[in-house]
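Peer 1: Contents of work-v2.cif (mmCIF, C-alpha atoms) are below:
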data_work
loop_
_atom_site.label_atom_id
_atom_site.label_comp_id
_atom_site.auth_asym_id
_atom_site.auth_seq_id
_atom_site.Cartn_x
_atom_site.Cartn_y
_atom_site.Cartn_z
CA MET C 1 18.94 5.58 12.06
CA SER C 2 21.77 3.23 12.78
CA THR C 3 22.28 1.60 16.16
CA LYS C 4 25.81 2.96 16.20
CA LYS C 5 24.51 6.51 16.43
CA LEU C 6 22.37 5.67 19.43
CA THR C 7 25.31 4.19 21.29
CA SER C 8 28.01 6.66 20.36
CA GLU C 9 29.80 8.79 22.91
CA ASP C 10 27.85 11.84 21.78
CA TYR C 11 24.57 10.05 22.16
CA ASN C 12 22.97 8.13 25.01
CA ASP C 13 21.09 4.97 24.15
CA TYR C 14 17.43 5.65 24.86
CA SER C 15 16.06 2.87 22.70
CA SER C 16 14.82 1.00 25.78
CA THR C 17 13.47 1.97 29.17
CA GLU C 18 16.29 0.23 30.97
CA ASN C 19 18.69 2.88 29.71
CA SER C 20 16.35 5.78 30.40
CA PRO C 21 16.88 8.40 33.07
CA ASP C 22 15.51 7.64 36.50
CA HIS C 23 11.76 7.38 36.67
CA ASP C 24 11.91 9.72 39.65
CA CYS C 25 11.75 12.49 37.09
CA LEU C 26 8.08 11.71 36.66
CA SER C 27 7.41 12.44 40.29
CA SER C 28 9.71 15.43 40.40
CA SER C 29 9.16 18.49 42.49
CA PRO C 30 6.90 21.35 41.35
CA ASP C 31 9.98 23.39 40.54
CA SER C 32 11.26 20.66 38.26
CA SER C 33 7.88 20.30 36.59
CA SER C 34 7.65 24.03 36.10
CA ARG C 35 11.15 24.12 34.67
CA SER C 36 10.32 21.38 32.14
CA SER C 37 7.17 23.19 31.09
CA ASP C 38 9.07 26.44 30.67
CA ASN C 39 11.58 24.68 28.44
CA PHE C 40 8.79 23.19 26.35
CA GLY C 41 8.01 26.47 24.69
CA ASN C 42 11.54 26.51 23.26
CA TYR C 43 11.77 22.76 22.87
CA GLN C 44 15.07 21.47 21.53
CA ARG C 45 16.44 17.95 21.81
CA ILE C 46 19.14 17.19 24.32
CA ASN C 47 22.45 16.23 22.70
CA GLU C 48 20.84 16.23 19.26
CA ARG C 49 23.16 17.58 16.57
CA THR C 50 22.04 16.34 13.17
CA GLY C 51 18.82 15.05 11.70
CA THR C 52 16.48 15.39 8.76
CA THR C 53 15.66 18.81 7.34
CA PRO C 54 12.06 20.13 7.22
CA ILE C 55 11.86 19.41 3.48
CA GLU C 56 13.11 15.84 3.98
CA THR C 57 10.60 15.34 6.80
CA LEU C 58 7.73 16.64 4.65
CA ILE C 59 8.78 14.29 1.86
CA HIS C 60 8.76 11.33 4.25
CA LEU C 61 5.38 12.39 5.68
CA LEU C 62 3.83 12.52 2.23
CA LYS C 63 5.51 9.25 1.31
CA GLY C 64 4.13 7.59 4.44
CA ASN C 65 0.55 8.69 3.73
CA ILE C 66 0.26 8.44 -0.04
CA GLY C 67 0.20 4.74 -0.77
CA THR C 68 -2.04 2.02 -2.13
CA GLY C 69 -5.00 3.20 -0.06
CA LEU C 70 -5.30 6.38 -2.12
CA LEU C 71 -6.10 4.40 -5.27
CA SER C 72 -8.94 2.56 -3.50
CA LEU C 73 -10.73 5.68 -2.21
CA PRO C 74 -13.15 5.94 -5.19
CA LEU C 75 -14.43 2.49 -4.18
CA ALA C 76 -14.59 3.68 -0.57
CA VAL C 77 -16.75 6.66 -1.57
CA LYS C 78 -19.02 4.27 -3.46
CA ASN C 79 -19.47 2.21 -0.29
CA ALA C 80 -20.42 5.32 1.70
CA GLY C 81 -22.31 7.43 -0.82
CA ILE C 82 -21.42 10.49 -2.86
CA VAL C 83 -22.46 12.84 0.00
CA LEU C 84 -21.65 10.83 3.12
CA GLY C 85 -18.30 9.63 1.75
CA PRO C 86 -16.59 13.03 1.34
CA ILE C 87 -17.97 14.29 4.67
CA SER C 88 -16.64 11.20 6.43
CA LEU C 89 -13.24 11.57 4.77
CA VAL C 90 -12.90 15.14 6.01
CA ILE C 91 -13.91 14.16 9.55
CA MET C 92 -11.45 11.26 9.56
CA GLY C 93 -8.71 13.57 8.30
CA VAL C 94 -9.34 16.06 11.10
CA VAL C 95 -9.36 13.29 13.72
CA ALA C 96 -6.15 11.79 12.30
CA VAL C 97 -4.29 15.14 12.38
CA HIS C 98 -5.57 15.85 15.90
CA CYS C 99 -4.28 12.50 17.12
CA MET C 100 -0.94 13.02 15.42
CA HIS C 101 -0.52 16.45 16.98
CA LEU C 102 -1.65 15.15 20.38
CA LEU C 103 0.94 12.39 20.23
CA VAL C 104 3.75 14.82 19.42
CA LYS C 105 2.73 17.20 22.25
CA CYS C 106 2.73 14.38 24.77
CA SER C 107 6.10 13.17 23.53
CA ARG C 108 7.66 16.63 23.77
CA TYR C 109 6.30 17.32 27.25
CA LEU C 110 7.57 14.00 28.62
CA SER C 111 10.91 14.33 26.81
CA ALA C 112 11.50 17.72 28.41
CA LYS C 113 10.42 16.48 31.83
CA LEU C 114 12.57 13.34 31.65
CA GLN C 115 15.49 15.19 30.04
CA LYS C 116 15.59 12.78 27.09
CA PRO C 117 16.39 13.62 23.46
CA TYR C 118 13.20 11.88 22.34
CA LEU C 119 10.73 9.10 23.18
CA ASP C 120 9.36 6.29 21.08
CA TYR C 121 5.69 5.29 20.94
CA GLY C 122 5.91 2.75 23.74
CA SER C 123 7.75 5.13 26.06
CA VAL C 124 5.20 7.91 25.49
CA VAL C 125 2.37 5.58 26.48
CA MET C 126 4.18 4.14 29.48
CA TYR C 127 5.26 7.46 30.97
CA SER C 128 1.85 9.01 30.26
CA LEU C 129 0.15 6.21 32.17
CA GLU C 130 2.58 6.77 35.03
CA GLU C 131 1.41 10.38 35.11
CA CYS C 132 -2.29 9.56 35.27
CA PRO C 133 -4.19 9.74 38.61
CA ASN C 134 -5.31 6.09 38.45
CA LEU C 135 -3.03 3.97 40.63
CA TRP C 136 -3.81 0.75 38.74
CA LEU C 137 -2.78 2.33 35.43
CA GLN C 138 0.38 3.69 37.01
CA LYS C 139 1.30 0.23 38.27
CA HIS C 140 0.61 -1.47 34.94
CA SER C 141 1.97 1.24 32.66
CA PHE C 142 4.33 -1.25 31.02
CA VAL C 143 1.30 -3.08 29.61
CA GLY C 144 0.37 0.02 27.62
CA ARG C 145 3.85 0.05 26.12
CA ILE C 146 3.61 -3.60 25.11
CA LEU C 147 0.15 -3.20 23.56
CA VAL C 148 1.01 -0.12 21.51
CA GLU C 149 4.25 -1.59 20.22
CA PHE C 150 2.48 -4.84 19.34
CA PHE C 151 -0.21 -3.00 17.38
CA LEU C 152 2.38 -0.81 15.68
CA ILE C 153 4.41 -3.80 14.54
CA LEU C 154 1.30 -5.62 13.34
CA THR C 155 0.00 -2.57 11.49
CA GLN C 156 3.26 -1.51 9.83
CA LEU C 157 4.21 -5.02 8.71
CA GLY C 158 0.63 -5.45 7.54
CA PHE C 159 1.13 -2.45 5.26
CA CYS C 160 4.29 -4.06 3.94
CA CYS C 161 2.39 -7.27 3.17
CA VAL C 162 -0.08 -5.28 1.06
CA TYR C 163 2.77 -3.56 -0.78
CA PHE C 164 4.10 -6.94 -1.94
CA VAL C 165 0.66 -7.71 -3.39
CA PHE C 166 0.37 -4.32 -5.06
CA LEU C 167 3.80 -4.54 -6.66
CA ALA C 168 3.26 -8.07 -7.95
CA ASP C 169 -0.27 -7.50 -9.28
CA ASN C 170 0.45 -4.23 -11.06
CA ILE C 171 3.67 -5.34 -12.72
CA LYS C 172 2.00 -8.62 -13.67
CA GLN C 173 -0.85 -6.71 -15.35
CA VAL C 174 1.60 -4.60 -17.32
CA VAL C 175 3.55 -7.64 -18.49
CA ASP C 176 0.45 -9.71 -19.30
CA VAL C 177 -0.92 -7.21 -21.81
CA ALA C 178 2.39 -5.86 -23.08
CA ASN C 179 1.90 -7.40 -26.54
CA ALA C 180 -1.63 -6.00 -26.84
CA THR C 181 -0.80 -2.55 -25.48
CA ASN C 182 -0.67 0.31 -27.99
CA ASN C 183 -0.57 4.09 -28.06
CA ASN C 184 -4.30 4.53 -28.66
CA CYS C 185 -5.77 5.80 -25.39
CA ASN C 186 -9.14 6.69 -26.89
CA GLN C 187 -10.42 3.14 -26.52
CA ASN C 188 -12.21 2.88 -23.22
CA ASN C 189 -10.96 -0.61 -22.46
CA SER C 190 -9.52 -1.44 -19.09
CA THR C 191 -6.59 -3.76 -18.72
CA LEU C 192 -7.44 -7.44 -19.18
CA GLU C 193 -5.17 -10.16 -17.91
CA SER C 194 -3.97 -13.03 -20.03
CA GLY C 195 -2.41 -16.02 -18.39
CA SER C 196 1.26 -15.65 -17.49
CA MET C 197 3.66 -16.11 -14.61
CA ASP C 198 2.08 -16.46 -11.17
CA SER C 199 2.00 -13.32 -9.00
CA ARG C 200 3.98 -15.08 -6.30
CA LEU C 201 6.94 -15.39 -8.66
CA TYR C 202 6.81 -11.64 -9.18
CA MET C 203 6.88 -11.23 -5.39
CA LEU C 204 9.95 -13.45 -5.26
CA SER C 205 11.69 -11.29 -7.86
CA PHE C 206 11.06 -8.17 -5.75
CA LEU C 207 12.29 -9.78 -2.51
CA PRO C 208 16.09 -9.22 -2.85
CA PHE C 209 15.62 -5.60 -3.92
CA ILE C 210 13.35 -4.83 -0.97
CA ILE C 211 15.82 -6.48 1.42
CA LEU C 212 18.59 -4.25 0.10
CA LEU C 213 16.32 -1.22 0.42
CA VAL C 214 15.55 -1.79 4.12
CA TYR C 215 19.28 -2.00 4.85
CA ILE C 216 19.17 1.81 4.70
CA ARG C 217 18.87 2.46 8.43
CA ASN C 218 18.87 6.26 8.44
CA LEU C 219 15.88 8.29 7.26
CA LYS C 220 18.22 11.05 6.09
CA TYR C 221 19.80 8.70 3.55
CA LEU C 222 16.37 7.43 2.51
CA ALA C 223 15.13 10.96 1.74
CA PRO C 224 16.50 11.13 -1.87
CA PHE C 225 14.71 7.86 -2.70
CA SER C 226 11.52 9.17 -1.10
CA LEU C 227 11.79 12.31 -3.22
CA LEU C 228 12.09 10.25 -6.41
CA ALA C 229 9.17 8.08 -5.29
CA ASN C 230 7.05 11.16 -4.59
CA LEU C 231 7.84 12.54 -8.03
CA ALA C 232 6.92 9.22 -9.67
CA MET C 233 3.65 8.99 -7.74
CA CYS C 234 2.93 12.66 -8.48
CA VAL C 235 3.26 12.02 -12.22
CA SER C 236 1.01 8.97 -11.85
CA LEU C 237 -1.66 10.97 -10.03
CA VAL C 238 -1.50 13.75 -12.62
CA LEU C 239 -2.16 11.19 -15.37
CA ILE C 240 -5.05 9.68 -13.38
CA TYR C 241 -6.59 13.12 -12.80
CA TRP C 242 -6.04 13.97 -16.46
CA TYR C 243 -7.98 10.90 -17.58
CA ILE C 244 -10.79 11.56 -15.09
CA PHE C 245 -11.30 15.20 -16.07
CA THR C 246 -10.86 14.76 -19.83
CA SER C 247 -13.14 11.73 -20.18
CA ALA C 248 -16.43 12.36 -21.89
CA THR C 249 -18.82 10.45 -19.65
CA TYR C 250 -19.79 11.04 -16.04
CA THR C 251 -22.28 9.28 -13.83
CA ASN C 252 -24.88 11.59 -12.27
CA ASP C 253 -27.37 9.23 -10.62
CA LEU C 254 -25.21 8.29 -7.64
CA PRO C 255 -26.76 7.52 -4.24
CA PRO C 256 -26.02 10.23 -1.66
CA VAL C 257 -25.88 7.68 1.17
CA ALA C 258 -25.11 3.97 0.79
CA GLY C 259 -26.20 1.18 3.10
CA TRP C 260 -24.70 0.85 6.56
CA LYS C 261 -23.25 -2.55 5.75
CA SER C 262 -21.20 -1.13 2.89
CA TYR C 263 -20.27 1.86 5.06
CA ALA C 264 -18.24 -0.51 7.23
CA MET C 265 -16.16 -1.29 4.12
CA PHE C 266 -15.74 2.45 3.53
CA PHE C 267 -14.45 2.92 7.06
CA GLY C 268 -11.92 0.11 6.74
CA THR C 269 -10.67 1.34 3.36
CA ALA C 270 -10.45 4.98 4.50
CA ILE C 271 -8.53 4.04 7.65
CA PHE C 272 -6.25 1.99 5.42
CA ALA C 273 -5.61 5.13 3.36
CA PHE C 274 -4.66 7.18 6.44
CA GLU C 275 -1.65 4.96 6.99
CA GLY C 276 0.83 7.60 8.08
CA ILE C 277 0.13 7.88 11.81
CA GLY C 278 2.71 5.19 12.52
CA VAL C 279 5.54 7.26 11.02
CA VAL C 280 4.70 10.58 12.72
CA LEU C 281 6.71 10.14 15.91
CA PRO C 282 9.80 8.64 14.22
CA LEU C 283 9.79 11.56 11.78
CA GLU C 284 9.47 14.12 14.57
CA ASN C 285 12.20 12.37 16.54
CA LYS C 286 14.62 12.63 13.61
CA LEU C 287 13.81 16.24 12.67
CA GLU C 288 16.78 18.53 13.35
CA ASP C 289 14.50 21.47 14.26
CA PRO C 290 11.47 20.05 16.13
CA GLN C 291 9.88 23.51 16.42
CA LYS C 292 8.95 23.29 12.73
CA PHE C 293 7.18 19.92 12.93
CA PRO C 294 3.62 21.23 13.60
CA LEU C 295 3.77 23.32 10.42
CA ILE C 296 5.14 20.34 8.48
CA LEU C 297 2.39 18.12 9.89
CA TYR C 298 -0.46 20.49 9.02
CA LEU C 299 0.89 21.25 5.56
CA GLY C 300 1.56 17.62 4.72
CA MET C 301 -1.80 16.35 5.98
CA ALA C 302 -3.64 19.17 4.21
CA ILE C 303 -2.09 18.02 0.93
CA VAL C 304 -2.88 14.38 1.73
CA THR C 305 -6.51 15.01 2.70
CA THR C 306 -7.07 17.14 -0.42
CA LEU C 307 -5.75 14.33 -2.61
CA TYR C 308 -7.91 11.78 -0.82
CA LEU C 309 -11.04 13.88 -1.18
CA THR C 310 -10.65 14.88 -4.83
CA LEU C 311 -9.53 11.50 -6.16
CA GLY C 312 -12.15 9.61 -4.16
CA VAL C 313 -15.04 11.81 -5.26
CA MET C 314 -14.03 12.43 -8.88
CA GLY C 315 -13.00 8.81 -9.42
CA TYR C 316 -16.41 7.60 -8.25
CA ILE C 317 -18.25 10.23 -10.31
CA ARG C 318 -16.29 9.23 -13.42
CA PHE C 319 -16.66 5.43 -13.22
CA GLY C 320 -19.78 5.03 -11.06
CA SER C 321 -20.69 1.47 -10.14
CA GLU C 322 -17.93 0.12 -12.42
CA ILE C 323 -15.17 1.45 -10.18
CA ALA C 324 -12.63 -1.26 -9.35
CA GLY C 325 -10.73 -1.95 -6.14
CA SER C 326 -7.87 0.18 -7.49
CA ILE C 327 -8.65 3.02 -9.89
CA THR C 328 -5.67 2.01 -12.02
CA LEU C 329 -7.69 -1.05 -13.11
CA ASN C 330 -10.21 1.28 -14.80
CA LEU C 331 -7.61 3.01 -16.95
CA PRO C 332 -7.30 2.23 -20.69
CA ALA C 333 -4.80 -0.37 -21.84
CA CYS C 334 -2.43 2.05 -23.58
CA TRP C 335 1.19 2.75 -22.77
CA LEU C 336 0.50 6.19 -21.34
CA TYR C 337 -1.76 4.82 -18.63
CA GLN C 338 0.15 1.58 -18.23
CA SER C 339 3.05 3.79 -17.18
CA VAL C 340 0.88 4.91 -14.26
CA LYS C 341 1.15 1.42 -12.77
CA ILE C 342 4.91 1.32 -13.30
CA LEU C 343 5.52 4.73 -11.73
CA TYR C 344 3.17 4.13 -8.82
CA SER C 345 4.74 0.73 -8.20
CA PHE C 346 8.12 2.42 -7.86
CA GLY C 347 6.60 4.79 -5.31
CA ILE C 348 5.13 1.90 -3.31
CA PHE C 349 8.49 0.13 -3.46
CA ILE C 350 10.09 3.07 -1.62
CA THR C 351 7.11 3.42 0.71
CA TYR C 352 7.83 -0.11 1.92
CA ALA C 353 11.08 1.12 3.49
CA VAL C 354 9.38 4.11 5.18
CA GLN C 355 6.63 1.99 6.77
CA PHE C 356 9.09 -0.79 7.61
CA PHE C 357 11.29 1.71 9.46
CA VAL C 358 8.73 2.04 12.28
CA ALA C 359 8.56 -1.69 13.01
CA ALA C 360 12.33 -2.05 12.70
CA GLU C 361 12.93 0.72 15.25
CA ILE C 362 10.94 -1.34 17.79
CA ILE C 363 12.17 -4.86 17.01
CA VAL C 364 15.81 -4.45 15.97
CA PRO C 365 17.13 -2.85 19.22
CA VAL C 366 15.77 -5.80 21.24
CA PHE C 367 18.03 -8.24 19.38
CA VAL C 368 20.99 -5.88 18.99
CA ALA C 369 21.11 -5.30 22.77
CA LYS C 370 21.75 -9.03 23.33
CA VAL C 371 25.00 -9.20 21.34
CA SER C 372 28.43 -7.63 21.60
CA GLU C 373 29.31 -4.51 19.65
CA ARG C 374 31.22 -6.60 17.15
CA TRP C 375 28.04 -8.34 15.99
CA GLU C 376 25.61 -5.43 16.22
CA LEU C 377 25.63 -4.56 12.52
CA TRP C 378 25.24 -8.16 11.38
CA VAL C 379 22.39 -8.85 13.80
CA ASN C 380 20.72 -5.61 12.74
CA LEU C 381 20.81 -6.59 9.06
CA ALA C 382 19.78 -10.17 9.82
CA VAL C 383 16.69 -9.10 11.75
CA ARG C 384 15.67 -6.72 8.98
CA THR C 385 16.08 -9.52 6.44
CA VAL C 386 13.91 -11.90 8.47
CA LEU C 387 11.16 -9.29 8.89
CA VAL C 388 11.02 -8.67 5.12
CA ILE C 389 10.88 -12.41 4.45
CA ILE C 390 7.98 -12.73 6.91
CA THR C 391 5.95 -10.13 5.00
CA TRP C 392 6.77 -11.98 1.77
CA LEU C 393 5.99 -15.46 3.10
CA LYS C 394 2.49 -14.44 4.12
CA HIS C 395 1.44 -14.35 0.47
CA ILE C 396 3.65 -17.23 -0.66
CA LEU C 397 2.68 -19.92 1.83
CA LEU C 398 -0.85 -18.87 2.77
CA SER C 399 -3.91 -18.62 0.57
CA ARG C 400 -3.84 -15.18 -1.03
CA ASP C 401 -6.90 -13.00 -1.34
CA ASN C 402 -6.96 -11.64 -4.87
CA ASN C 403 -8.76 -8.51 -3.68
CA LEU C 404 -6.04 -6.05 -2.75
CA ILE C 405 -8.25 -4.04 -0.42
CA CYS C 406 -9.61 -7.08 1.43
CA SER C 407 -6.08 -8.40 1.76
CA GLY C 408 -4.90 -5.10 3.19
CA ILE C 409 -7.73 -4.81 5.68
CA HIS C 410 -7.43 -8.42 6.81
CA TRP C 411 -3.68 -8.62 7.25
CA ALA C 412 -2.85 -5.11 8.35
CA LYS C 413 -5.75 -5.29 10.83
CA LEU C 414 -6.21 -1.63 10.07
CA PRO C 415 -9.66 -0.91 11.50
CA CYS C 416 -8.75 -2.68 14.73
CA CYS C 417 -5.16 -1.51 15.07
CA ASN C 418 -5.60 2.10 14.09
CA SER C 419 -8.77 2.45 16.13
CA SER C 420 -6.87 1.03 19.08
CA MET C 421 -4.03 3.47 18.41
CA PHE C 422 -6.43 6.41 18.23
CA LEU C 423 -8.13 5.28 21.45
CA HIS C 424 -4.77 4.93 23.14
CA LEU C 425 -3.77 8.40 22.04
CA MET C 426 -6.99 9.87 23.37
CA CYS C 427 -6.40 8.06 26.66
CA LEU C 428 -2.81 9.26 26.87
CA GLY C 429 -4.07 12.61 28.05
CA TYR C 430 -4.01 16.03 26.51
CA PHE C 431 -2.70 19.43 27.44
CA ASP C 432 -5.16 21.71 29.18
CA PRO C 433 -6.47 23.89 26.34
CA THR C 434 -7.33 26.67 28.77
CA SER C 435 -3.83 27.00 30.22
CA GLY C 436 -2.05 28.05 27.06
CA ASN C 437 1.07 26.17 28.13
CA CYS C 438 2.23 22.76 29.26
CA ASP C 439 2.06 23.18 33.03
CA HIS C 440 0.18 19.95 33.42
CA ILE C 441 -1.57 17.17 31.58
CA SER C 442 -5.34 16.94 31.81
CA TRP C 443 -6.75 13.45 31.68
CA VAL C 444 -9.84 12.18 29.92
CA HIS C 445 -11.98 10.19 32.34
#
Show the structure stored in the file as structure tokens.
Peer 2:
Amino acid sequence: MSTKKLTSEDYNDYSSTENSPDHDCLSSSPDSSSRSSDNFGNYQRINERTGTTPIETLIHLLKGNIGTGLLSLPLAVKNAGIVLGPISLVIMGVVAVHCMHLLVKCSRYLSAKLQKPYLDYGSVVMYSLEECPNLWLQKHSFVGRILVEFFLILTQLGFCCVYFVFLADNIKQVVDVANATNNNCNQNNSTLESGSMDSRLYMLSFLPFIILLVYIRNLKYLAPFSLLANLAMCVSLVLIYWYIFTSATYTNDLPPVAGWKSYAMFFGTAIFAFEGIGVVLPLENKLEDPQKFPLILYLGMAIVTTLYLTLGVMGYIRFGSEIAGSITLNLPACWLYQSVKILYSFGIFITYAVQFFVAAEIIVPVFVAKVSERWELWVNLAVRTVLVIITWLKHILLSRDNNLICSGIHWAKLPCCNSSMFLHLMCLGYFDPTSGNCDHISWVH
């Protein structure tokens, strides 16, 4: 969403706490609190006129969760075991959806109480801490905001770093074997690389196109691209499933439970796959009818978890111990399955903009607020350009880990960041499940 919309006469600028309504709202009278809770049942944003439709929001939610991590889940199941892996994936999916729903409920309650159109991640944490009974947490609530925004920026830009690697490696593999690729998909030969242009040059070639893509500052205008990306990734997944289920050989002697050391790798890879929690609140904030978001969330995450479970299990059963870091590396070197890499790369290209949107919403307003209205657009675009270049430079100037999964876990800091985010969400507080409404927030001690 553009900065101009946030500062227009029909819209108050709530991108920072300095421009928020008085904090006295948090210590309002019982009548005021009761009034905000009554309004919560029919929650509608103040001054909000336009936004994304439910279909557009669902598309973005799927786009934000279906990324490179999905292709690595067969390896994750191998690291956990054919029995423990699927059970753990289901549990992690339930926990992820619970945390997402908890975050939205807290945001809606505080938005209604503060009479704001919406709150960002940092504001939800800060105002929640101000509501808690601990005086020290109330006094240092701003620290919670800083920590959550720091982890969000680190996590989302970490995803973007991995996407550069994925795009470069997959397109490089397609180009390297282009002369040897044929239409015979019956040969069970995976793609083999022959020496060619360095992957970093491929990253450089993608850089200007990604910069232009992140100049789209409104999720509504990004929705058509997300739809095309979802279609491309859907076709890719259909081809992957087709190869898995039509192949002649399956591995039956798979360990039900792997070692605990390898289970740590499963946990990191699985958390990497559940990469959509960072986009939940921005999507809910931009939805024109927020009442429909819970249904969108449950439907979208049900689809995502089903994909994770089936591809992870069936991919491991099909390839066994030979499963690679990305299941695309196990596909035959024919044009039909080489197209999987091309289509999925297009999907990841669009996913970059969706994940980047979260970090940009935190960083860009800080710089835009320091300049006059005349320079707002130029500063906005300049900051976005610098952020993209930072994610690109990580792999250009620093030693690059050739293992896509290790690179993702190391640079996105996913186990640390997402665990910290989940812990923060659990500490934010939750609505009393026995009350049936939002009269108060119950705190976890």
Peer 1: Name every residue that the PyMOL selection byres ((chain C and resi 369-384) around 8) selects in this structure, writing the answer as a count of residues only with chains first and numbers rising.
Peer 2: 14
Peer 1: Which of these, C:Tyr121, C:Tyr337, C:Phe346, C:Tyr308, has the shortest distance to Leu231 (chain C) once you count all atoms listed in the file?
Peer 2: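 Closest candidate: C:Phe346.
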Peer 1: Just give me the gap between CA of His140 (chain C) and CA of Val280 (chain C) in Å, one decimal is fine.
Peer 2: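 Spanning CA of His140 (chain C) to CA of Val280 (chain C) is a straight-line distance of 25.6 Å.
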Peer 1: Take the PyMOL selection byres ((chain C and resi 122) around 10), apply it to the structure above, and return the hits as a list in words.
Peer 2: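 Output from the PyMOL selection byres ((chain C and resi 122) around 10), applied to this file: Ser16, Thr17, Leu119, Asp120, Tyr121, Ser123, Val124, Val125, Met126, Tyr127, Ser128, Ser141, Phe142, Val143, Gly144, Arg145, Ile146, Leu147, Val148, Glu149, Phe150, Leu152 and Ile362 of chain C.
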Peer 1: Using Å and a single decimal, report how far CA of Phe266 (chain C) sits from CA of Gln156 (chain C).
Peer 2: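 These atoms are spaced 20.4 Å apart.
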Peer 1: Please indicate the distance in Å from CA of Phe319 (chain C) to CA of Trp260 (chain C), rounded to one decimal place.
Peer 2: 21.8 Å
Peer 1: For each of C:Leu62, C:Met203, C:Cys160, C:Met197, take the minimum atom-to-atom distance to Val175 (chain C), counting all atoms listed in the file, then give the residue where this is smallest.
Peer 2: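 When distances to Val175 (chain C) are compared using all atoms listed in the file, the smallest one comes from C:Met197.
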Peer 1: Given the file shown, determine the residues that the PyMOL selection byres ((chain C and resi 60) around 8) selects; report them as an MDAnalysis selection string.
Peer 2: chainID C and resid 56:59 61:64 223 226 283 354
Peer 1: Which residues are close to Val304 (chain C), i.e. within 9 Å by all atoms listed in the file, leaving aside same-chain residues fewer than 6 positions away? Reply as a PyMOL selection string.
Peer 2: chain C and resi 62+65-66+93+274
Peer 1: Which one of C:Ile363, C:Leu75, C:Ile390, C:Ala80 sits closest to Gly259 (chain C) if you count only C-alpha atoms?
Peer 2: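 Closest to Gly259 (chain C) of all the choices is C:Ala80.
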Peer 1: Restricting the calculation to all atoms listed in the file: of C:Glu288, C:Asp176, C:Asp198, C:Glu361, which residue gets closest to Gln338 (chain C)?
Peer 2: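 The shortest atom-to-atom distance to Gln338 (chain C) comes from C:Asp176.
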Peer 1: Could the centre and edge lengths of an axis-aligned box, enclosing all atoms of region 382-389 of chain C in the file with 3 Å extra on each side, be given in Å to one decimal as lines of an AutoDock Vina configuration file?
Peer 2:
center_x = 15.3
center_y = -9.6
center_z = 8.1
size_x = 14.9
size_y = 11.7
size_z = 13.3
Peer 1: So that I can see what lies close to Cys234 (chain C), please list as a ChimeraX atom specification the residues with an atom at most 10 Å from it, counting all atoms listed in the file and leaving out residues fewer than 2 positions away in the same chain.
Peer 2: /C:66,228-232,236-240,340,343-344,347
Peer 1: With C-alpha atoms retained, write the just-selected residues as a CSV table (one decimal), keeping the file's coordinate frame.
Peer 2:
chain,number,residue,atom,x,y,z
C,66,ILE,CA,0.3,8.4,0.0
C,228,LEU,CA,12.1,10.2,-6.4
C,229,ALA,CA,9.2,8.1,-5.3
C,230,ASN,CA,7.0,11.2,-4.6
C,231,LEU,CA,7.8,12.5,-8.0
C,232,ALA,CA,6.9,9.2,-9.7
C,236,SER,CA,1.0,9.0,-11.8
C,237,LEU,CA,-1.7,11.0,-10.0
C,238,VAL,CA,-1.5,13.8,-12.6
C,239,LEU,CA,-2.2,11.2,-15.4
C,240,ILE,CA,-5.0,9.7,-13.4
C,340,VAL,CA,0.9,4.9,-14.3
C,343,LEU,CA,5.5,4.7,-11.7
C,344,TYR,CA,3.2,4.1,-8.8
C,347,GLY,CA,6.6,4.8,-5.3
Peer 1: So, with only C-alpha atoms as the atoms that count, which of C:Leu114, C:Trp335, C:Ala324, C:Gln355 lies closest to Val177 (chain C)?
Peer 2: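 Among C:Leu114, C:Trp335, C:Ala324, C:Gln355, it is C:Trp335 that comes nearest to Val177 (chain C).
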Peer 1: Here is a test: counting all atoms listed in the file, which residue of C:Val358, C:Met233, C:Met265, C:Ile82 is nearest to Asp253 (chain C)?
Peer 2: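 Looking at the shortest contact to Asp253 (chain C), the residue is C:Ile82.
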Peer 1: Here's a test: counting only C-alpha atoms, identify every protein, DNA and RNA residue with an atom at most 8 Å from (6.4, -8.5, -4.8) in the file's coordinate frame, and state them as a PyMOL selection string.
Peer 2: chain C and resi 163-168+199-207+392
Peer 1: Would you output region 340-354 of chain C from that structure, restricted to C-alpha atoms, as a PDB file, in the first residue's frame?
Peer 2:
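Just written: part.pdb:
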ATOM      1  CA  VAL C 340       8.718 -27.665 -13.334  1.00  0.00           C
ATOM      2  CA  LYS C 341      11.798 -25.651 -12.365  1.00  0.00           C
ATOM      3  CA  ILE C 342      10.900 -22.836 -14.754  1.00  0.00           C
ATOM      4  CA  LEU C 343       7.302 -22.575 -13.559  1.00  0.00           C
ATOM      5  CA  TYR C 344       8.194 -22.846  -9.887  1.00  0.00           C
ATOM      6  CA  SER C 345      10.919 -20.244 -10.313  1.00  0.00           C
ATOM      7  CA  PHE C 346       8.330 -17.830 -11.677  1.00  0.00           C
ATOM      8  CA  GLY C 347       6.198 -18.495  -8.607  1.00  0.00           C
ATOM      9  CA  ILE C 348       9.137 -17.825  -6.273  1.00  0.00           C
ATOM     10  CA  PHE C 349       9.896 -14.642  -8.204  1.00  0.00           C
ATOM     11  CA  ILE C 350       6.433 -13.298  -7.311  1.00  0.00           C
ATOM     12  CA  THR C 351       6.672 -14.654  -3.762  1.00  0.00           C
ATOM     13  CA  TYR C 352       9.692 -12.411  -3.266  1.00  0.00           C
ATOM     14  CA  ALA C 353       7.436  -9.349  -3.521  1.00  0.00           C
ATOM     15  CA  VAL C 354       4.867 -10.769  -1.063  1.00  0.00           C
TER      16      VAL C 354
END
